[in-house]
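Colleague: Input file: upload24.csv. Contents: CSV, N, CA and C atoms.
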```
chain,number,residue,atom,x,y,z
A,1,MET,N,67.8,-51.3,-11.3
A,1,MET,CA,67.4,-49.9,-11.6
A,1,MET,C,68.1,-49.6,-12.9
A,2,SER,N,67.5,-48.8,-13.7
A,2,SER,CA,68.0,-48.3,-15.0
A,2,SER,C,68.9,-47.1,-14.8
A,3,LEU,N,69.9,-47.0,-15.7
A,3,LEU,CA,70.8,-45.9,-15.8
A,3,LEU,C,70.0,-44.6,-16.2
A,4,VAL,N,70.3,-43.5,-15.5
A,4,VAL,CA,69.7,-42.2,-15.8
A,4,VAL,C,70.9,-41.3,-16.1
A,5,VAL,N,70.8,-40.6,-17.2
A,5,VAL,CA,71.7,-39.6,-17.6
A,5,VAL,C,71.0,-38.2,-17.3
A,6,PRO,N,71.6,-37.4,-16.5
A,6,PRO,CA,71.0,-36.1,-16.2
A,6,PRO,C,71.0,-35.2,-17.4
A,7,ASP,N,70.0,-34.3,-17.5
A,7,ASP,CA,69.8,-33.4,-18.7
A,7,ASP,C,71.1,-32.7,-19.0
A,8,ILE,N,71.8,-32.2,-18.1
A,8,ILE,CA,73.1,-31.5,-18.4
A,8,ILE,C,74.1,-32.4,-19.1
A,9,GLN,N,74.1,-33.6,-18.8
A,9,GLN,CA,75.1,-34.5,-19.5
A,9,GLN,C,74.6,-34.9,-20.9
A,10,GLU,N,73.3,-34.8,-21.1
A,10,GLU,CA,72.8,-35.0,-22.5
A,10,GLU,C,73.5,-34.0,-23.4
A,11,LEU,N,73.6,-32.8,-22.9
A,11,LEU,CA,74.3,-31.8,-23.7
A,11,LEU,C,75.7,-32.2,-24.1
A,12,GLU,N,76.5,-32.7,-23.1
A,12,GLU,CA,77.8,-33.2,-23.4
A,12,GLU,C,77.8,-34.3,-24.4
A,13,VAL,N,76.9,-35.2,-24.3
A,13,VAL,CA,76.8,-36.4,-25.2
A,13,VAL,C,76.6,-35.8,-26.6
A,14,ILE,N,75.6,-34.9,-26.8
A,14,ILE,CA,75.3,-34.4,-28.2
A,14,ILE,C,76.5,-33.6,-28.7
A,15,ASP,N,77.2,-32.8,-27.8
A,15,ASP,CA,78.3,-32.1,-28.3
A,15,ASP,C,79.4,-33.0,-28.8
A,16,THR,N,79.7,-34.1,-28.0
A,16,THR,CA,80.7,-35.0,-28.4
A,16,THR,C,80.4,-35.7,-29.7
A,17,PHE,N,79.1,-36.1,-29.9
A,17,PHE,CA,78.6,-36.8,-31.0
A,17,PHE,C,78.7,-35.9,-32.3
A,18,LEU,N,78.5,-34.6,-32.2
A,18,LEU,CA,78.4,-33.7,-33.4
A,18,LEU,C,79.7,-33.0,-33.6
A,19,THR,N,80.6,-33.0,-32.8
A,19,THR,CA,81.9,-32.2,-32.9
A,19,THR,C,82.7,-32.6,-34.1
A,20,PRO,N,82.9,-33.8,-34.4
A,20,PRO,CA,83.7,-34.1,-35.6
A,20,PRO,C,83.1,-33.7,-36.9
A,21,ALA,N,83.9,-33.5,-37.9
A,21,ALA,CA,83.4,-33.2,-39.3
A,21,ALA,C,82.6,-34.4,-39.8
A,22,LEU,N,81.4,-34.1,-40.3
A,22,LEU,CA,80.5,-35.2,-40.7
A,22,LEU,C,80.1,-34.9,-42.2
A,23,THR,N,79.6,-36.0,-42.9
A,23,THR,CA,79.1,-35.9,-44.2
A,23,THR,C,77.8,-36.6,-44.3
A,24,MET,N,76.8,-35.9,-44.8
A,24,MET,CA,75.4,-36.5,-45.1
A,24,MET,C,75.4,-37.0,-46.5
A,25,ARG,N,75.0,-38.3,-46.6
A,25,ARG,CA,75.0,-39.0,-47.9
A,25,ARG,C,73.6,-39.6,-48.2
A,26,LEU,N,73.3,-39.7,-49.5
A,26,LEU,CA,72.1,-40.4,-49.8
A,26,LEU,C,72.4,-41.8,-50.3
A,27,TYR,N,71.6,-42.8,-50.0
A,27,TYR,CA,71.9,-44.2,-50.4
A,27,TYR,C,70.8,-44.8,-51.3
A,28,SER,N,71.3,-45.7,-52.2
A,28,SER,CA,70.5,-46.3,-53.3
A,28,SER,C,70.1,-47.7,-53.1
A,29,ASN,N,70.6,-48.4,-52.1
A,29,ASN,CA,70.2,-49.8,-51.9
A,29,ASN,C,69.0,-49.9,-50.9
A,30,ASN,N,68.3,-50.9,-51.1
A,30,ASN,CA,67.1,-51.1,-50.3
A,30,ASN,C,67.4,-51.6,-48.9
A,31,ALA,N,68.0,-50.7,-48.1
A,31,ALA,CA,68.4,-51.0,-46.7
A,31,ALA,C,67.6,-50.3,-45.7
A,32,THR,N,67.3,-51.0,-44.6
A,32,THR,CA,66.6,-50.4,-43.5
A,32,THR,C,67.6,-50.3,-42.3
A,33,PRO,N,68.0,-49.1,-41.9
A,33,PRO,CA,69.0,-49.0,-40.8
A,33,PRO,C,68.5,-49.7,-39.5
A,34,ASP,N,69.5,-50.4,-38.9
A,34,ASP,CA,69.2,-51.0,-37.6
A,34,ASP,C,70.5,-50.9,-36.8
A,35,HIS,N,70.4,-51.5,-35.6
A,35,HIS,CA,71.5,-51.4,-34.6
A,35,HIS,C,72.8,-52.1,-35.1
A,36,ALA,N,72.7,-52.9,-36.1
A,36,ALA,CA,73.9,-53.6,-36.6
A,36,ALA,C,74.5,-52.9,-37.9
A,37,SER,N,73.8,-51.8,-38.3
A,37,SER,CA,74.3,-51.1,-39.5
A,37,SER,C,75.7,-50.5,-39.4
A,38,THR,N,76.4,-50.5,-40.5
A,38,THR,CA,77.7,-49.8,-40.5
A,38,THR,C,77.6,-49.0,-41.8
A,39,ALA,N,78.7,-48.2,-42.1
A,39,ALA,CA,78.7,-47.4,-43.3
A,39,ALA,C,78.6,-48.3,-44.5
A,40,SER,N,79.2,-49.5,-44.5
A,40,SER,CA,79.2,-50.4,-45.6
A,40,SER,C,77.8,-51.0,-45.9
A,41,SER,N,76.8,-50.8,-44.9
A,41,SER,CA,75.5,-51.3,-45.1
A,41,SER,C,74.7,-50.5,-46.2
A,42,PHE,N,75.3,-49.3,-46.6
A,42,PHE,CA,74.6,-48.4,-47.5
A,42,PHE,C,75.5,-48.2,-48.7
A,43,THR,N,74.8,-48.1,-49.9
A,43,THR,CA,75.5,-47.8,-51.1
A,43,THR,C,75.2,-46.3,-51.5
A,44,GLU,N,76.2,-45.5,-51.4
A,44,GLU,CA,76.0,-44.1,-51.7
A,44,GLU,C,75.7,-43.9,-53.2
A,45,ILE,N,74.7,-43.1,-53.5
A,45,ILE,CA,74.4,-42.8,-54.9
A,45,ILE,C,75.5,-42.1,-55.6
A,46,SER,N,75.5,-42.1,-56.9
A,46,SER,CA,76.4,-41.4,-57.7
A,46,SER,C,75.7,-40.9,-59.0
A,47,GLY,N,76.3,-39.9,-59.6
A,47,GLY,CA,75.8,-39.4,-60.9
A,47,GLY,C,74.7,-38.4,-60.6
A,48,GLY,N,74.1,-37.9,-61.7
A,48,GLY,CA,73.0,-37.0,-61.6
A,48,GLY,C,73.3,-35.7,-60.9
A,49,GLY,N,74.6,-35.3,-60.8
A,49,GLY,CA,75.0,-34.1,-60.1
A,49,GLY,C,75.0,-34.2,-58.6
A,50,TYR,N,74.9,-35.4,-58.1
A,50,TYR,CA,74.9,-35.6,-56.6
A,50,TYR,C,76.3,-35.4,-56.0
A,51,THR,N,76.3,-34.8,-54.9
A,51,THR,CA,77.5,-34.7,-54.0
A,51,THR,C,77.0,-34.8,-52.5
A,52,GLY,N,77.8,-35.4,-51.7
A,52,GLY,CA,77.4,-35.5,-50.2
A,52,GLY,C,77.5,-34.0,-49.7
A,53,LYS,N,76.9,-33.9,-48.5
A,53,LYS,CA,76.8,-32.5,-47.9
A,53,LYS,C,77.6,-32.5,-46.6
A,54,ALA,N,78.6,-31.6,-46.4
A,54,ALA,CA,79.4,-31.5,-45.2
A,54,ALA,C,78.5,-30.9,-44.1
A,55,LEU,N,78.6,-31.5,-42.9
A,55,LEU,CA,77.9,-31.0,-41.7
A,55,LEU,C,79.0,-30.6,-40.7
A,56,THR,N,79.1,-29.3,-40.3
A,56,THR,CA,80.1,-28.8,-39.4
A,56,THR,C,79.5,-28.4,-38.1
A,57,PHE,N,80.2,-28.6,-37.0
A,57,PHE,CA,79.7,-28.4,-35.7
A,57,PHE,C,79.2,-27.0,-35.5
A,58,ALA,N,79.8,-26.0,-36.0
A,58,ALA,CA,79.4,-24.6,-35.8
A,58,ALA,C,78.0,-24.3,-36.3
A,59,ASN,N,77.5,-25.1,-37.2
A,59,ASN,CA,76.2,-24.9,-37.8
A,59,ASN,C,75.0,-25.6,-37.0
A,60,TRP,N,75.3,-26.2,-35.9
A,60,TRP,CA,74.3,-26.9,-35.1
A,60,TRP,C,73.8,-25.9,-34.0
A,61,THR,N,72.5,-25.8,-33.8
A,61,THR,CA,72.0,-25.1,-32.7
A,61,THR,C,71.6,-26.1,-31.7
A,62,ILE,N,72.2,-26.1,-30.5
A,62,ILE,CA,71.9,-27.2,-29.5
A,62,ILE,C,71.2,-26.5,-28.3
A,63,THR,N,70.1,-27.1,-28.0
A,63,THR,CA,69.3,-26.7,-26.8
A,63,THR,C,69.2,-27.7,-25.8
A,64,ALA,N,69.7,-27.4,-24.6
A,64,ALA,CA,69.7,-28.4,-23.5
A,64,ALA,C,68.3,-28.5,-22.9
A,65,GLY,N,68.0,-29.6,-22.4
A,65,GLY,CA,66.6,-29.8,-21.8
A,65,GLY,C,66.3,-31.2,-21.7
A,66,ALA,N,65.0,-31.5,-21.6
A,66,ALA,CA,64.5,-32.8,-21.5
A,66,ALA,C,63.5,-33.0,-22.6
A,67,PRO,N,63.8,-33.4,-23.8
A,67,PRO,CA,65.2,-33.8,-24.2
A,67,PRO,C,66.1,-32.7,-24.7
A,68,THR,N,67.4,-33.0,-24.9
A,68,THR,CA,68.3,-32.1,-25.5
A,68,THR,C,68.2,-32.3,-27.0
A,69,GLN,N,68.2,-31.2,-27.8
A,69,GLN,CA,68.0,-31.3,-29.2
A,69,GLN,C,69.0,-30.4,-29.9
A,70,ALA,N,69.5,-30.9,-31.1
A,70,ALA,CA,70.4,-30.2,-32.0
A,70,ALA,C,69.7,-30.1,-33.3
A,71,ILE,N,69.6,-28.9,-33.9
A,71,ILE,CA,69.0,-28.7,-35.2
A,71,ILE,C,70.1,-28.0,-36.0
A,72,TYR,N,70.3,-28.5,-37.3
A,72,TYR,CA,71.2,-27.8,-38.2
A,72,TYR,C,70.7,-26.5,-38.6
A,73,ASN,N,71.5,-25.5,-38.9
A,73,ASN,CA,71.0,-24.2,-39.2
A,73,ASN,C,70.3,-24.0,-40.5
A,74,SER,N,70.4,-25.0,-41.4
A,74,SER,CA,69.7,-24.9,-42.7
A,74,SER,C,69.5,-26.3,-43.3
A,75,ALA,N,68.4,-26.4,-44.0
A,75,ALA,CA,68.1,-27.7,-44.7
A,75,ALA,C,69.3,-28.0,-45.7
A,76,GLN,N,69.6,-29.2,-45.8
A,76,GLN,CA,70.6,-29.6,-46.8
A,76,GLN,C,69.9,-30.0,-48.1
A,77,THR,N,70.2,-29.3,-49.2
A,77,THR,CA,69.5,-29.5,-50.4
A,77,THR,C,70.4,-30.2,-51.4
A,78,PHE,N,69.8,-31.3,-51.9
A,78,PHE,CA,70.4,-32.1,-53.0
A,78,PHE,C,69.6,-31.8,-54.2
A,79,THR,N,70.3,-31.2,-55.2
A,79,THR,CA,69.6,-30.9,-56.5
A,79,THR,C,70.2,-31.8,-57.6
A,80,PHE,N,69.4,-32.4,-58.4
A,80,PHE,CA,69.8,-33.3,-59.4
A,80,PHE,C,69.7,-32.7,-60.8
A,81,THR,N,70.8,-33.0,-61.6
A,81,THR,CA,70.9,-32.5,-62.9
A,81,THR,C,70.4,-33.6,-63.9
A,82,GLY,N,70.1,-34.8,-63.4
A,82,GLY,CA,69.6,-35.9,-64.2
A,82,GLY,C,69.5,-37.1,-63.3
A,83,ALA,N,69.2,-38.2,-64.0
A,83,ALA,CA,69.1,-39.5,-63.2
A,83,ALA,C,70.4,-39.9,-62.6
A,84,THR,N,70.4,-40.6,-61.5
A,84,THR,CA,71.6,-41.1,-60.9
A,84,THR,C,72.0,-42.4,-61.5
A,85,ASP,N,73.2,-42.9,-61.3
A,85,ASP,CA,73.7,-44.1,-61.8
A,85,ASP,C,72.9,-45.3,-61.3
A,86,ALA,N,73.0,-46.4,-62.0
A,86,ALA,CA,72.3,-47.6,-61.5
A,86,ALA,C,72.5,-47.9,-60.1
A,87,PRO,N,71.5,-48.3,-59.3
A,87,PRO,CA,70.2,-48.6,-59.7
A,87,PRO,C,69.3,-47.4,-59.9
A,88,GLY,N,69.7,-46.2,-59.7
A,88,GLY,CA,68.9,-45.0,-60.0
A,88,GLY,C,67.8,-44.7,-59.0
A,89,THR,N,67.9,-45.3,-57.8
A,89,THR,CA,66.9,-45.1,-56.8
A,89,THR,C,67.5,-44.5,-55.5
A,90,ILE,N,66.7,-43.9,-54.7
A,90,ILE,CA,67.1,-43.4,-53.4
A,90,ILE,C,66.2,-43.9,-52.3
A,91,TYR,N,66.7,-44.4,-51.2
A,91,TYR,CA,65.9,-45.0,-50.1
A,91,TYR,C,66.0,-44.2,-48.9
A,92,GLY,N,67.1,-43.4,-48.7
A,92,GLY,CA,67.3,-42.7,-47.4
A,92,GLY,C,68.6,-42.0,-47.4
A,93,TYR,N,69.0,-41.6,-46.2
A,93,TYR,CA,70.3,-40.9,-46.0
A,93,TYR,C,71.1,-41.6,-44.9
A,94,TYR,N,72.4,-41.3,-44.9
A,94,TYR,CA,73.2,-41.7,-43.7
A,94,TYR,C,74.3,-40.7,-43.5
A,95,VAL,N,74.8,-40.6,-42.3
A,95,VAL,CA,75.8,-39.7,-42.0
A,95,VAL,C,77.1,-40.4,-41.5
A,96,THR,N,78.2,-40.0,-42.0
A,96,THR,CA,79.5,-40.6,-41.6
A,96,THR,C,80.4,-39.6,-41.1
A,97,ARG,N,81.3,-40.1,-40.2
A,97,ARG,CA,82.4,-39.2,-39.6
A,97,ARG,C,83.5,-39.2,-40.6
A,98,ASN,N,84.0,-38.0,-41.0
A,98,ASN,CA,85.0,-37.8,-42.0
A,98,ASN,C,86.4,-38.4,-41.6
A,99,SER,N,86.7,-38.4,-40.3
A,99,SER,CA,88.0,-38.9,-39.9
A,99,SER,C,88.2,-40.3,-40.1
A,100,ASP,N,87.2,-41.2,-40.0
A,100,ASP,CA,87.4,-42.6,-40.2
A,100,ASP,C,86.3,-43.3,-41.0
A,101,GLY,N,85.3,-42.5,-41.5
A,101,GLY,CA,84.3,-43.1,-42.3
A,101,GLY,C,83.2,-43.9,-41.6
A,102,LYS,N,83.2,-43.9,-40.3
A,102,LYS,CA,82.3,-44.6,-39.5
A,102,LYS,C,80.9,-44.0,-39.6
A,103,LEU,N,79.9,-44.9,-39.6
A,103,LEU,CA,78.5,-44.5,-39.6
A,103,LEU,C,78.1,-43.8,-38.3
A,104,MET,N,77.5,-42.7,-38.3
A,104,MET,CA,77.0,-42.0,-37.1
A,104,MET,C,75.5,-42.2,-36.9
A,105,TRP,N,74.8,-42.1,-38.0
A,105,TRP,CA,73.3,-42.4,-37.9
A,105,TRP,C,72.8,-42.5,-39.4
A,106,ALA,N,71.6,-43.1,-39.5
A,106,ALA,CA,71.0,-43.3,-40.8
A,106,ALA,C,69.5,-43.2,-40.6
A,107,GLU,N,68.8,-42.9,-41.7
A,107,GLU,CA,67.4,-42.9,-41.7
A,107,GLU,C,66.8,-43.2,-43.1
A,108,ARG,N,65.9,-44.2,-43.1
A,108,ARG,CA,65.2,-44.5,-44.3
A,108,ARG,C,64.0,-43.6,-44.5
A,109,PHE,N,63.8,-43.1,-45.7
A,109,PHE,CA,62.7,-42.2,-46.0
A,109,PHE,C,61.3,-43.0,-45.8
A,110,PRO,N,60.2,-42.3,-45.6
A,110,PRO,CA,59.0,-43.0,-45.4
A,110,PRO,C,58.6,-43.9,-46.6
A,111,SER,N,57.9,-45.0,-46.3
A,111,SER,CA,57.6,-46.0,-47.4
A,111,SER,C,56.8,-45.3,-48.5
A,112,ALA,N,56.1,-44.3,-48.2
A,112,ALA,CA,55.2,-43.6,-49.3
A,112,ALA,C,56.1,-43.0,-50.4
A,113,VAL,N,57.4,-42.7,-50.1
A,113,VAL,CA,58.2,-42.0,-51.1
A,113,VAL,C,59.4,-42.8,-51.6
A,114,VAL,N,59.6,-44.1,-51.1
A,114,VAL,CA,60.7,-44.9,-51.6
A,114,VAL,C,60.2,-46.0,-52.4
A,115,PRO,N,61.0,-46.5,-53.4
A,115,PRO,CA,62.2,-45.8,-53.8
A,115,PRO,C,61.9,-44.6,-54.7
A,116,PHE,N,62.8,-43.6,-54.5
A,116,PHE,CA,62.7,-42.3,-55.2
A,116,PHE,C,63.7,-42.3,-56.4
A,117,SER,N,63.3,-42.0,-57.6
A,117,SER,CA,64.2,-42.0,-58.7
A,117,SER,C,64.3,-40.6,-59.3
A,118,PRO,N,65.4,-39.9,-59.0
A,118,PRO,CA,65.5,-38.5,-59.4
A,118,PRO,C,65.6,-38.3,-60.9
A,119,VAL,N,65.1,-37.2,-61.4
A,119,VAL,CA,65.3,-36.8,-62.8
A,119,VAL,C,65.9,-35.4,-62.7
A,120,ALA,N,66.2,-34.8,-63.9
A,120,ALA,CA,66.8,-33.5,-63.9
A,120,ALA,C,65.8,-32.5,-63.2
A,121,GLY,N,66.3,-31.7,-62.3
A,121,GLY,CA,65.4,-30.8,-61.6
A,121,GLY,C,64.9,-31.3,-60.3
A,122,SER,N,65.0,-32.6,-60.0
A,122,SER,CA,64.6,-33.1,-58.7
A,122,SER,C,65.4,-32.5,-57.5
A,123,ILE,N,64.7,-32.3,-56.4
A,123,ILE,CA,65.3,-31.7,-55.2
A,123,ILE,C,64.9,-32.6,-54.0
A,124,ILE,N,65.9,-32.8,-53.1
A,124,ILE,CA,65.6,-33.4,-51.8
A,124,ILE,C,66.2,-32.5,-50.8
A,125,ARG,N,65.3,-32.1,-49.8
A,125,ARG,CA,65.8,-31.2,-48.7
A,125,ARG,C,65.6,-31.9,-47.4
A,126,LEU,N,66.7,-31.9,-46.6
A,126,LEU,CA,66.7,-32.6,-45.3
A,126,LEU,C,67.2,-31.6,-44.3
A,127,LEU,N,66.5,-31.5,-43.2
A,127,LEU,CA,67.0,-30.7,-42.1
A,127,LEU,C,67.5,-31.6,-40.9
A,128,PRO,N,68.8,-31.7,-40.8
A,128,PRO,CA,69.3,-32.6,-39.7
A,128,PRO,C,68.9,-32.2,-38.3
A,129,THR,N,68.3,-33.1,-37.6
A,129,THR,CA,67.9,-32.9,-36.2
A,129,THR,C,68.2,-34.1,-35.4
A,130,ILE,N,68.8,-33.9,-34.3
A,130,ILE,CA,69.1,-35.0,-33.3
A,130,ILE,C,68.5,-34.7,-32.0
A,131,THR,N,67.9,-35.7,-31.4
A,131,THR,CA,67.4,-35.6,-30.0
A,131,THR,C,68.0,-36.6,-29.1
A,132,VAL,N,68.5,-36.1,-27.9
A,132,VAL,CA,69.1,-37.0,-27.0
A,132,VAL,C,68.3,-37.0,-25.7
A,133,GLU,N,67.9,-38.1,-25.2
A,133,GLU,CA,67.1,-38.2,-24.0
A,133,GLU,C,67.4,-39.5,-23.2
A,134,SER,N,67.6,-39.4,-22.0
A,134,SER,CA,67.8,-40.6,-21.1
A,134,SER,C,66.4,-41.2,-20.9
A,135,GLU,N,66.3,-42.5,-21.2
A,135,GLU,CA,65.0,-43.2,-21.0
A,135,GLU,C,65.2,-44.2,-19.9
A,136,PHE,N,64.2,-44.4,-19.1
A,136,PHE,CA,64.3,-45.4,-18.1
A,136,PHE,C,63.0,-45.9,-17.7
```
Before anything else, please render the file you have as structure tokens.
Modeller:
Amino acid sequence: MSLVVPDIQELEVIDTFLTPALTMRLYSNNATPDHASTASSFTEISGGGYTGKALTFANWTITAGAPTQAIYNSAQTFTFTGATDAPGTIYGYYVTRNSDGKLMWAERFPSAVVPFSPVAGSIIRLLPTITVESEF
């Protein structure tokens, strides 16, 4: 028989997962996130006015249910003042925990838009959303 996590515990799982201070980062290497990924699997972009975005627990709206979902209160906007440093491409984003730099999650952008090479005035908007559901 498979393990089942009741809906109410999904809320605790997502609370625990999102409580630490986190940073959303864009990556420039041609990586596809998988179960073996770590923070070092991704090369954070630099240059072009880029900075990572802080994600704080107070800004998540968490709704218990089947599934339990957390949505950040606003899209995170990355605005570029020019091209990024070599290799000058963006493939996706990853989120790390500030206390120890560990990878929390990552997502590659759809193949139709990667690799993306920003120029002055380019904007990337991401709305962090996490869904937790027991599957069996």
Colleague: Which region 97-119 of chain A residues have any atom within 6.5 Å of an atom of region 73-91 of chain A, and for each, what is the nearest pair of atoms with distance in Å to one decimal, counting only N, CA and C atoms, rows sorted by chain and number, as a tab-separated table?
Modeller:
```
residue	atom	partner	partner_atom	distance
A:Glu107	C	A:Tyr91	C	5.9
A:Arg108	CA	A:Tyr91	C	4.7
A:Phe109	N	A:Tyr91	C	4.0
A:Val114	CA	A:Tyr91	CA	5.4
A:Pro115	CA	A:Ile90	C	4.7
A:Phe116	C	A:Ile90	N	3.8
A:Ser117	CA	A:Gly88	C	4.5
A:Pro118	C	A:Ala83	CA	4.4
A:Val119	C	A:Gly82	CA	4.0
```
Colleague: Just the number, please: distance in Å from CA of Glu133 (chain A) to CA of Ser40 (chain A), one decimal.
Modeller: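 Rounded to one decimal, the two atoms are 27.6 Å apart.
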Colleague: List as JSON lines every residue of region 29-131 of chain A that is in contact with region 12-20 of chain A, defined as an atom at most 8 Å from one of its atoms (using all atoms listed in the file), together with the nearest atom pair and the distance in Å rounded to one decimal, sorted by chain and then rising number.
Modeller:
```
{"residue": "A:Leu55", "atom": "C", "partner": "A:Pro20", "partner_atom": "C", "distance": 6.4}
{"residue": "A:Thr56", "atom": "CA", "partner": "A:Pro20", "partner_atom": "C", "distance": 6.3}
{"residue": "A:Phe57", "atom": "CA", "partner": "A:Leu18", "partner_atom": "C", "distance": 5.1}
{"residue": "A:Ala58", "atom": "N", "partner": "A:Thr19", "partner_atom": "CA", "distance": 7.2}
{"residue": "A:Ile62", "atom": "CA", "partner": "A:Asp15", "partner_atom": "N", "distance": 7.9}
{"residue": "A:Thr68", "atom": "C", "partner": "A:Ile14", "partner_atom": "CA", "distance": 7.5}
{"residue": "A:Gln69", "atom": "C", "partner": "A:Ile14", "partner_atom": "CA", "distance": 7.7}
{"residue": "A:Ala70", "atom": "N", "partner": "A:Ile14", "partner_atom": "CA", "distance": 7.4}
{"residue": "A:Thr96", "atom": "C", "partner": "A:Pro20", "partner_atom": "C", "distance": 7.7}
{"residue": "A:Arg97", "atom": "CA", "partner": "A:Pro20", "partner_atom": "C", "distance": 6.2}
{"residue": "A:Asn98", "atom": "N", "partner": "A:Pro20", "partner_atom": "C", "distance": 6.0}
{"residue": "A:Ser99", "atom": "N", "partner": "A:Pro20", "partner_atom": "C", "distance": 6.8}
{"residue": "A:Met104", "atom": "CA", "partner": "A:Phe17", "partner_atom": "C", "distance": 7.9}
{"residue": "A:Ile130", "atom": "C", "partner": "A:Ile14", "partner_atom": "CA", "distance": 7.8}
{"residue": "A:Thr131", "atom": "C", "partner": "A:Ile14", "partner_atom": "CA", "distance": 7.7}
```
Colleague: Using only C-alpha atoms for the distances, tell me which of A:Ala64, A:Ala31, A:Leu103, A:Met24 is nearest to Arg125 (chain A).
Modeller: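 For Arg125 (chain A), the nearest of the candidates is A:Met24.
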Colleague: May I ask for the distance between CA of Ser28 (chain A) and atom N of Ile71 (chain A), given in Å to one decimal place?
Modeller: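 So the answer is 26.1 Å.
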Colleague: Which residues of region 3-35 of chain A have any atom within 5 Å of an atom in region 42-50 of chain A when counting all atoms listed in the file, and what is the closest pair of atoms for each, with the distance in Å to one decimal? Order the rows by chain and rising number and write it as CSV.
Modeller:
```
residue,atom,partner,partner_atom,distance
A:Leu26,C,A:Ile45,N,4.1
A:Tyr27,CA,A:Thr43,C,4.1
A:Ser28,N,A:Thr43,C,4.0
A:Asn29,N,A:Thr43,N,4.8
```
Colleague: Report the distance between CA of Thr63 (chain A) and CA of Trp105 (chain A) in Å, rounded to one decimal place.
Modeller: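 So the answer is 19.6 Å.
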Colleague: Just the strand (DSSP E) stuff from chain A, please, per backbone DSSP, written as a ChimeraX atom specification.
Modeller: /A:22-27,53-55,60-63,68-72,76-79,92-97,103-108,123-126,129-132
